[in-house]
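Raw model26.txt, compact mmCIF, N, CA and C atoms:
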# COMPACT_ATOMS: atom_id res chain seq x y z
N MET A 148 100.36 75.75 166.57
CA MET A 148 101.25 75.31 167.62
C MET A 148 102.24 74.30 167.03
N ALA A 149 103.52 74.46 167.34
CA ALA A 149 104.55 73.58 166.82
C ALA A 149 104.53 72.24 167.55
N GLU A 150 104.76 71.20 166.78
CA GLU A 150 104.82 69.87 167.37
C GLU A 150 106.19 69.68 168.00
N HIS A 151 106.21 69.05 169.17
CA HIS A 151 107.46 68.79 169.86
C HIS A 151 107.88 67.34 169.64
N VAL A 152 109.20 67.15 169.59
CA VAL A 152 109.76 65.82 169.44
C VAL A 152 110.73 65.58 170.60
N ARG A 153 110.85 64.33 170.98
CA ARG A 153 111.79 63.98 172.03
C ARG A 153 113.14 63.69 171.36
N VAL A 154 114.18 64.35 171.85
CA VAL A 154 115.52 64.19 171.28
C VAL A 154 116.47 63.75 172.39
N GLU A 155 117.22 62.69 172.10
CA GLU A 155 118.28 62.23 173.00
C GLU A 155 119.60 62.49 172.30
N ILE A 156 120.54 63.08 173.02
CA ILE A 156 121.84 63.42 172.46
C ILE A 156 122.91 62.72 173.27
N GLY A 157 123.73 61.89 172.60
CA GLY A 157 124.83 61.20 173.26
C GLY A 157 126.13 61.94 172.99
N PHE A 158 126.98 62.01 174.00
CA PHE A 158 128.20 62.79 173.88
C PHE A 158 129.45 61.91 173.85
N VAL A 159 130.48 62.41 173.18
CA VAL A 159 131.76 61.74 173.13
C VAL A 159 132.27 61.58 174.56
N GLY A 160 132.72 60.39 174.91
CA GLY A 160 133.22 60.16 176.26
C GLY A 160 132.13 59.73 177.23
N GLY A 161 130.90 59.60 176.75
CA GLY A 161 129.81 59.15 177.60
C GLY A 161 128.88 60.28 177.99
N GLY A 162 127.78 59.91 178.56
CA GLY A 162 126.78 60.88 178.98
C GLY A 162 125.79 61.17 177.88
N ALA A 163 124.62 61.59 178.25
CA ALA A 163 123.57 61.90 177.30
C ALA A 163 122.62 62.93 177.91
N ALA A 164 121.88 63.59 177.04
CA ALA A 164 120.87 64.55 177.47
C ALA A 164 119.59 64.28 176.68
N THR A 165 118.46 64.47 177.32
CA THR A 165 117.17 64.30 176.68
C THR A 165 116.41 65.63 176.77
N ALA A 166 115.75 65.99 175.68
CA ALA A 166 115.00 67.24 175.66
C ALA A 166 113.79 67.11 174.75
N GLN A 167 112.77 67.92 175.03
CA GLN A 167 111.61 68.07 174.15
C GLN A 167 111.86 69.34 173.33
N LEU A 168 112.06 69.18 172.02
CA LEU A 168 112.35 70.31 171.15
C LEU A 168 111.24 70.47 170.12
N ASP A 169 111.04 71.70 169.66
CA ASP A 169 110.11 71.87 168.55
C ASP A 169 110.82 71.46 167.26
N ASP A 170 110.07 71.32 166.20
CA ASP A 170 110.62 70.84 164.93
C ASP A 170 111.78 71.69 164.44
N ALA A 171 111.67 73.00 164.56
CA ALA A 171 112.71 73.90 164.07
C ALA A 171 114.02 73.70 164.82
N ALA A 172 113.94 73.56 166.15
CA ALA A 172 115.15 73.36 166.96
C ALA A 172 115.78 72.01 166.66
N CYS A 173 114.96 70.99 166.46
CA CYS A 173 115.46 69.66 166.12
C CYS A 173 116.20 69.69 164.79
N LYS A 174 115.62 70.34 163.80
CA LYS A 174 116.26 70.44 162.49
C LYS A 174 117.56 71.23 162.58
N LYS A 175 117.58 72.26 163.40
CA LYS A 175 118.78 73.07 163.60
C LYS A 175 119.91 72.21 164.17
N LEU A 176 119.59 71.38 165.16
CA LEU A 176 120.58 70.49 165.76
C LEU A 176 121.10 69.48 164.75
N LEU A 177 120.19 68.81 164.05
CA LEU A 177 120.59 67.79 163.09
C LEU A 177 121.45 68.37 161.96
N LYS A 178 121.09 69.55 161.50
CA LYS A 178 121.86 70.21 160.44
C LYS A 178 123.28 70.54 160.92
N ALA A 179 123.40 71.04 162.14
CA ALA A 179 124.71 71.38 162.70
C ALA A 179 125.57 70.14 162.88
N VAL A 180 124.97 69.04 163.35
CA VAL A 180 125.71 67.79 163.53
C VAL A 180 126.16 67.25 162.18
N GLU A 181 125.29 67.32 161.19
CA GLU A 181 125.63 66.85 159.85
C GLU A 181 126.78 67.66 159.26
N LYS A 182 126.76 68.96 159.51
CA LYS A 182 127.80 69.86 159.01
C LYS A 182 129.14 69.56 159.68
N GLY A 183 129.09 69.16 160.95
CA GLY A 183 130.30 68.75 161.67
C GLY A 183 131.19 69.87 162.15
N ALA A 184 130.72 71.08 162.13
CA ALA A 184 131.53 72.21 162.58
C ALA A 184 131.63 72.25 164.10
N ASP A 185 132.67 72.88 164.59
CA ASP A 185 132.83 73.05 166.02
C ASP A 185 132.13 74.34 166.43
N GLU A 186 130.85 74.23 166.72
CA GLU A 186 130.06 75.39 167.09
C GLU A 186 129.17 75.06 168.27
N LEU A 187 128.72 76.10 168.93
CA LEU A 187 127.79 75.95 170.03
C LEU A 187 126.39 76.25 169.49
N VAL A 188 125.48 75.28 169.61
CA VAL A 188 124.12 75.45 169.12
C VAL A 188 123.21 75.69 170.32
N GLU A 189 122.42 76.76 170.24
CA GLU A 189 121.47 77.08 171.30
C GLU A 189 120.09 76.59 170.87
N LEU A 190 119.50 75.74 171.70
CA LEU A 190 118.20 75.16 171.38
C LEU A 190 117.22 75.48 172.48
N GLY A 191 116.08 76.01 172.11
CA GLY A 191 115.03 76.28 173.08
C GLY A 191 114.19 75.03 173.25
N GLY A 192 114.19 74.50 174.45
CA GLY A 192 113.40 73.31 174.73
C GLY A 192 112.13 73.66 175.46
N GLU A 193 111.38 72.65 175.80
CA GLU A 193 110.14 72.84 176.54
C GLU A 193 110.49 73.09 178.00
N GLY A 194 110.45 74.34 178.42
CA GLY A 194 110.73 74.69 179.80
C GLY A 194 112.16 75.06 180.09
N SER A 195 113.08 74.92 179.12
CA SER A 195 114.48 75.27 179.36
C SER A 195 115.21 75.44 178.04
N ASP A 196 116.41 76.00 178.14
CA ASP A 196 117.28 76.14 176.96
C ASP A 196 118.39 75.11 177.06
N LEU A 197 118.84 74.64 175.91
CA LEU A 197 119.90 73.64 175.85
C LEU A 197 120.98 74.18 174.93
N HIS A 198 122.22 74.17 175.41
CA HIS A 198 123.37 74.62 174.63
C HIS A 198 124.25 73.41 174.39
N VAL A 199 124.50 73.10 173.12
CA VAL A 199 125.22 71.88 172.76
C VAL A 199 126.45 72.23 171.92
N ARG A 200 127.62 71.73 172.35
CA ARG A 200 128.85 71.86 171.56
C ARG A 200 128.82 70.73 170.54
N VAL A 201 128.62 71.06 169.27
CA VAL A 201 128.37 70.08 168.22
C VAL A 201 129.53 69.09 168.08
N SER A 202 130.76 69.54 168.25
CA SER A 202 131.91 68.64 168.08
C SER A 202 131.94 67.53 169.14
N GLN A 203 131.16 67.66 170.21
CA GLN A 203 131.14 66.67 171.27
C GLN A 203 129.96 65.71 171.15
N VAL A 204 129.15 65.84 170.10
CA VAL A 204 127.99 64.97 169.90
C VAL A 204 128.42 63.69 169.20
N ALA A 205 128.11 62.54 169.82
CA ALA A 205 128.43 61.23 169.23
C ALA A 205 127.24 60.68 168.46
N TRP A 206 126.02 60.92 168.95
CA TRP A 206 124.81 60.41 168.29
C TRP A 206 123.60 61.23 168.70
N VAL A 207 122.57 61.17 167.86
CA VAL A 207 121.29 61.84 168.14
C VAL A 207 120.17 60.86 167.81
N ARG A 208 119.23 60.72 168.74
CA ARG A 208 118.05 59.89 168.52
C ARG A 208 116.82 60.79 168.59
N VAL A 209 116.00 60.73 167.56
CA VAL A 209 114.79 61.56 167.50
C VAL A 209 113.57 60.64 167.52
N GLN A 210 112.68 60.93 168.45
CA GLN A 210 111.42 60.16 168.55
C GLN A 210 110.29 61.15 168.33
N SER A 211 109.69 61.12 167.13
CA SER A 211 108.73 62.14 166.77
C SER A 211 107.36 61.94 167.41
N LYS A 212 106.98 60.71 167.66
CA LYS A 212 105.68 60.48 168.29
C LYS A 212 105.90 59.81 169.63
N GLU A 213 105.18 60.30 170.62
CA GLU A 213 105.28 59.70 171.94
C GLU A 213 104.69 58.29 171.92
N SER A 214 105.46 57.36 172.40
CA SER A 214 104.94 56.00 172.53
C SER A 214 104.79 55.72 174.01
N ARG A 215 103.61 55.37 174.39
CA ARG A 215 103.31 55.12 175.79
C ARG A 215 102.69 53.74 175.95
N LEU A 216 103.05 53.11 177.02
CA LEU A 216 102.46 51.84 177.38
C LEU A 216 101.51 52.07 178.54
N GLY A 217 100.46 51.37 178.54
CA GLY A 217 99.54 51.49 179.67
C GLY A 217 98.52 52.59 179.46
N PHE A 218 98.23 53.29 180.52
CA PHE A 218 97.14 54.26 180.53
C PHE A 218 97.60 55.64 180.21
Any chance you could give the structure as structure tokens?
Amino acid sequence: MAEHVRVEIGFVGGGAATAQLDDAACKKLLKAVEKGADELVELGGEGSDLHVRVSQVAWVRVQSKESRLGF
């Protein structure tokens, strides 16, 4: 079973999206952002699909392990 990571994506002009992605989808997103091409990346998330226009991404935050407070 693939491990899922929490990914937050910030967009140019404001706004953000949060998704639970598997490792492969996360790497696909990060590679596309690093490349900087104007492409649409399709990412399969936990329970939904996410389509991201790479040229509109301002930042990406990846949290590989869930951190929880409390119970």
Atom C of A:Asp169 to atom CA of A:Ala205: how many Å, to one decimal?
20.5 Å
Apply DSSP to the structure's backbone, then extract all residues of chain A labelled alpha helix (DSSP H) and return them as a PDB file with N, CA and C atoms, in the frame of the given file.
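Written file, part26.pdb:
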ATOM      1  N   ASP A 170     110.070  71.320 166.200  1.00  0.00           N
ATOM      2  CA  ASP A 170     110.620  70.840 164.930  1.00  0.00           C
ATOM      3  C   ASP A 170     111.780  71.690 164.440  1.00  0.00           C
ATOM      4  N   ALA A 171     111.670  73.000 164.560  1.00  0.00           N
ATOM      5  CA  ALA A 171     112.710  73.900 164.070  1.00  0.00           C
ATOM      6  C   ALA A 171     114.020  73.700 164.820  1.00  0.00           C
ATOM      7  N   ALA A 172     113.940  73.560 166.150  1.00  0.00           N
ATOM      8  CA  ALA A 172     115.150  73.360 166.960  1.00  0.00           C
ATOM      9  C   ALA A 172     115.780  72.010 166.660  1.00  0.00           C
ATOM     10  N   CYS A 173     114.960  70.990 166.460  1.00  0.00           N
ATOM     11  CA  CYS A 173     115.460  69.660 166.120  1.00  0.00           C
ATOM     12  C   CYS A 173     116.200  69.690 164.790  1.00  0.00           C
ATOM     13  N   LYS A 174     115.620  70.340 163.800  1.00  0.00           N
ATOM     14  CA  LYS A 174     116.260  70.440 162.490  1.00  0.00           C
ATOM     15  C   LYS A 174     117.560  71.230 162.580  1.00  0.00           C
ATOM     16  N   LYS A 175     117.580  72.260 163.400  1.00  0.00           N
ATOM     17  CA  LYS A 175     118.780  73.070 163.600  1.00  0.00           C
ATOM     18  C   LYS A 175     119.910  72.210 164.170  1.00  0.00           C
ATOM     19  N   LEU A 176     119.590  71.380 165.160  1.00  0.00           N
ATOM     20  CA  LEU A 176     120.580  70.490 165.760  1.00  0.00           C
ATOM     21  C   LEU A 176     121.100  69.480 164.750  1.00  0.00           C
ATOM     22  N   LEU A 177     120.190  68.810 164.050  1.00  0.00           N
ATOM     23  CA  LEU A 177     120.590  67.790 163.090  1.00  0.00           C
ATOM     24  C   LEU A 177     121.450  68.370 161.960  1.00  0.00           C
ATOM     25  N   LYS A 178     121.090  69.550 161.500  1.00  0.00           N
ATOM     26  CA  LYS A 178     121.860  70.210 160.440  1.00  0.00           C
ATOM     27  C   LYS A 178     123.280  70.540 160.920  1.00  0.00           C
ATOM     28  N   ALA A 179     123.400  71.040 162.140  1.00  0.00           N
ATOM     29  CA  ALA A 179     124.710  71.380 162.700  1.00  0.00           C
ATOM     30  C   ALA A 179     125.570  70.140 162.880  1.00  0.00           C
ATOM     31  N   VAL A 180     124.970  69.040 163.350  1.00  0.00           N
ATOM     32  CA  VAL A 180     125.710  67.790 163.530  1.00  0.00           C
ATOM     33  C   VAL A 180     126.160  67.250 162.180  1.00  0.00           C
ATOM     34  N   GLU A 181     125.290  67.320 161.190  1.00  0.00           N
ATOM     35  CA  GLU A 181     125.630  66.850 159.850  1.00  0.00           C
ATOM     36  C   GLU A 181     126.780  67.660 159.260  1.00  0.00           C
ATOM     37  N   LYS A 182     126.760  68.960 159.510  1.00  0.00           N
ATOM     38  CA  LYS A 182     127.800  69.860 159.010  1.00  0.00           C
ATOM     39  C   LYS A 182     129.140  69.560 159.680  1.00  0.00           C
TER      40      LYS A 182
END
Based on DSSP run over this structure's backbone, return all residues of chain A in strand (DSSP E or B), as a PyMOL selection string.
chain A and resi 151-158+163-169+187-192+196-200+204-210
In Å, with one decimal, what is the gap from atom CA of A:Leu168 to atom C of A:Val201?
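Value for the atom CA of A:Leu168-atom C of A:Val201 distance: 17.5 Å.
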Considering all atoms listed in the file, return as a VMD selection string whatever protein or nucleic-acid residues lie within 6.5 Å of stretch 182-185 of chain A, sequence-local ones (same chain, fewer than 5 positions apart) excluded.
chain A and resid 177 200 to 202
Out of A:Ala179, A:Glu150, A:Thr165, A:Val159, which residue has the shortest atom-to-atom distance to A:Ser195 when counting only C-alpha atoms?
A:Thr165
Write out as a list in words each polymer residue whose atoms come within 8 Å of A:Cys173, counting only N, CA and C atoms; drop sequence neighbours fewer than 5 positions from it.
Val152, Val154, Gln167, Leu168, Lys178, Ala179, Leu190 and Gly191 of chain A
What is the distance between atom CA of A:Lys175 and atom CA of A:Leu187, in Å to one decimal?
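Between atom CA of A:Lys175 and atom CA of A:Leu187 the gap is 11.4 Å.
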Taking all listed atoms of stretch 202-205 of chain A, build the axis-aligned box, pad each of the six sides by 5 Å, then write its centre and edge lengths in Å to one decimal as AutoDock Vina command-line options.
--center_x 129.6 --center_y 65.1 --center_z 169.7 --size_x 14.7 --size_y 18.9 --size_z 13.2
Please provide as JSON, numbers by chain all residues within 6 Å of A:Arg153, with the sequence filter that same-chain residues fewer than 6 positions apart are discarded (counting only C-alpha atoms).
{"A": [166, 167, 209, 210]}
Quick one: of A:His151, A:Ile156, A:Ala163, A:Asp196, who's nearest to A:Leu176, counting only C-alpha atoms?
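Residue with the minimum atom-to-atom distance to A:Leu176: A:Ile156.
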Could I get stretch 167-178 of chain A rebuilt with all heavy atoms, written as a short mmCIF file (atom, residue, chain, number, x, y, z; two decimals), in the coordinates of the input?
data_model
loop_
_atom_site.label_atom_id
_atom_site.label_comp_id
_atom_site.auth_asym_id
_atom_site.auth_seq_id
_atom_site.Cartn_x
_atom_site.Cartn_y
_atom_site.Cartn_z
N GLN A 167 112.77 67.92 175.03
CA GLN A 167 111.61 68.07 174.15
C GLN A 167 111.86 69.34 173.33
O GLN A 167 111.91 70.43 173.89
CB GLN A 167 110.33 68.22 174.96
CG GLN A 167 109.96 67.01 175.77
CD GLN A 167 109.40 65.89 174.91
OE1 GLN A 167 108.88 66.10 173.83
NE2 GLN A 167 109.51 64.68 175.41
N LEU A 168 112.06 69.18 172.02
CA LEU A 168 112.35 70.31 171.15
C LEU A 168 111.24 70.47 170.12
O LEU A 168 110.62 69.48 169.72
CB LEU A 168 113.67 70.10 170.42
CG LEU A 168 114.92 69.91 171.27
CD1 LEU A 168 116.12 69.62 170.37
CD2 LEU A 168 115.18 71.13 172.14
N ASP A 169 111.04 71.70 169.66
CA ASP A 169 110.11 71.87 168.55
C ASP A 169 110.82 71.46 167.26
O ASP A 169 112.03 71.24 167.24
CB ASP A 169 109.56 73.30 168.48
CG ASP A 169 110.61 74.36 168.23
OD1 ASP A 169 111.64 74.06 167.60
OD2 ASP A 169 110.40 75.50 168.66
N ASP A 170 110.07 71.32 166.20
CA ASP A 170 110.62 70.84 164.93
C ASP A 170 111.78 71.69 164.44
O ASP A 170 112.78 71.17 163.95
CB ASP A 170 109.53 70.79 163.86
CG ASP A 170 108.54 69.66 164.08
OD1 ASP A 170 108.92 68.64 164.67
OD2 ASP A 170 107.37 69.81 163.67
N ALA A 171 111.67 73.00 164.56
CA ALA A 171 112.71 73.90 164.07
C ALA A 171 114.02 73.70 164.82
O ALA A 171 115.10 73.65 164.22
CB ALA A 171 112.25 75.35 164.19
N ALA A 172 113.94 73.56 166.15
CA ALA A 172 115.15 73.36 166.96
C ALA A 172 115.78 72.01 166.66
O ALA A 172 117.00 71.88 166.59
CB ALA A 172 114.81 73.48 168.44
N CYS A 173 114.96 70.99 166.46
CA CYS A 173 115.46 69.66 166.12
C CYS A 173 116.20 69.69 164.79
O CYS A 173 117.31 69.15 164.67
CB CYS A 173 114.31 68.66 166.09
SG CYS A 173 114.84 66.98 165.73
N LYS A 174 115.62 70.34 163.80
CA LYS A 174 116.26 70.44 162.49
C LYS A 174 117.56 71.23 162.58
O LYS A 174 118.55 70.90 161.91
CB LYS A 174 115.31 71.09 161.49
CG LYS A 174 114.18 70.17 161.07
CD LYS A 174 113.21 70.84 160.13
CE LYS A 174 112.05 69.91 159.83
NZ LYS A 174 111.02 70.53 159.00
N LYS A 175 117.58 72.26 163.40
CA LYS A 175 118.78 73.07 163.60
C LYS A 175 119.91 72.21 164.17
O LYS A 175 121.05 72.28 163.71
CB LYS A 175 118.46 74.23 164.54
CG LYS A 175 119.60 75.15 164.83
CD LYS A 175 119.15 76.28 165.75
CE LYS A 175 120.26 77.23 166.10
NZ LYS A 175 119.80 78.29 167.01
N LEU A 176 119.59 71.38 165.16
CA LEU A 176 120.58 70.49 165.76
C LEU A 176 121.10 69.48 164.75
O LEU A 176 122.31 69.29 164.59
CB LEU A 176 119.99 69.77 166.97
CG LEU A 176 120.86 68.68 167.59
CD1 LEU A 176 122.15 69.26 168.15
CD2 LEU A 176 120.09 67.93 168.66
N LEU A 177 120.19 68.81 164.05
CA LEU A 177 120.59 67.79 163.09
C LEU A 177 121.45 68.37 161.96
O LEU A 177 122.42 67.75 161.52
CB LEU A 177 119.37 67.07 162.53
CG LEU A 177 118.58 66.23 163.54
CD1 LEU A 177 117.32 65.68 162.91
CD2 LEU A 177 119.44 65.11 164.12
N LYS A 178 121.09 69.55 161.50
CA LYS A 178 121.86 70.21 160.44
C LYS A 178 123.28 70.54 160.92
O LYS A 178 124.25 70.34 160.20
CB LYS A 178 121.14 71.47 159.98
CG LYS A 178 121.74 72.13 158.77
CD LYS A 178 120.88 73.30 158.30
CE LYS A 178 121.46 73.90 157.05
NZ LYS A 178 120.62 75.01 156.55
#
